[in-house]
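Contents: one structure, followed by commentary.
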Amino acid sequence: MKLALQTIASGVFGLALFAVALFWPAGTFHYWQAWVFVAVFMATTMVPSIYLAVRDPAALQRRLHGGPTAETRLVQKIVIWAVTGSAFAAFVLSALDHRFGWSSVPVAVVVLGNILVAVGLILAQAVVFQNSFAGASIQVEDEQPLVSTGLYGLVRHPMYFGAVLMMFGTPLALGSYWGLLVSILAVPIFGVRIADEEKMLRAELAGYDEYTQKVRYRLLPYVW
């Protein structure tokens, strides 16, 4: 019951955040791109969450236990604040773009943006299905296994790859080109998070050094 209430509360908080970050700066509820984005976001997050609540509640609990206060490393606390601020800035800038008409984004590009958002979120959720220890905060638990197959056989941090896809798809889905500036500036933040996380994994997760030799790319195959 407690986990169900946490899941519902998370969904309600997400809707409230969208209302504040999208419709308020847009100055109107007549913002169809935002409504479609919210629908895509909620569908691709709540459905997997309900599945996890039934099949693997411990994994869902790890996903809900996030935010700066959940991090034990100072660098990660700063990174999470930066990621949260970047996401909020992208929402607000995209909504202001809609309000003042700075961009002219074709419907086809808006659809592409929603596809990127959906694919990114689905990838992030798929990572949890493959590795139930993939939580919202960085930590290594007792008896945590090293997962090196599936998406982890392609890149070492597939969840962040999904997050980056979503990050670039969001402004397009909201009908804004200017919002992409925030997405571009936020990419190095993920680089800092990954670099610090790998320091901990090399020190605390058995076999991680060998895994990095097998899967050489952290985020994007053949690039980094």
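Simple scheme: letters A, B, ... for chains in structure tokens order, numbers from 1 for residues in each chain, numbers from 1 for ligands in the order shown.
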
Got a sec: who's within 6 Å of Val110 of chain A, counting only C-alpha atoms, leaving out chain neighbours fewer than 4 positions off, as an mmCIF file with C-alpha atoms, in the first residue's frame?
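Below is the file that was written, part-v1.cif:
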data_model
loop_
_atom_site.group_PDB
_atom_site.id
_atom_site.type_symbol
_atom_site.label_atom_id
_atom_site.label_comp_id
_atom_site.auth_asym_id
_atom_site.auth_seq_id
_atom_site.Cartn_x
_atom_site.Cartn_y
_atom_site.Cartn_z
ATOM 1 C CA LEU A 172 11.008 19.404 -30.113
ATOM 2 C CA ALA A 173 7.924 17.705 -28.683
ATOM 3 C CA GLY A 175 7.412 22.855 -30.380
#

Residues near segment 184-190 of chain A, cut-off 8 Å, only C-alpha atoms, skip fewer than 5 positions along chain, as a list in words: Val79, Ala82, Val83, Ser86, Tyr160, Val164 and Phe168 of chain A

Non-local contacts of Glu204 of chain A (12 Å; only C-alpha atoms; under 2 positions in same chain excluded) as JSON, numbers by chain: {"A": [138, 139, 140, 141, 142, 143, 144, 145, 146, 197, 198, 199, 200, 201, 202, 206, 207, 208, 209]}
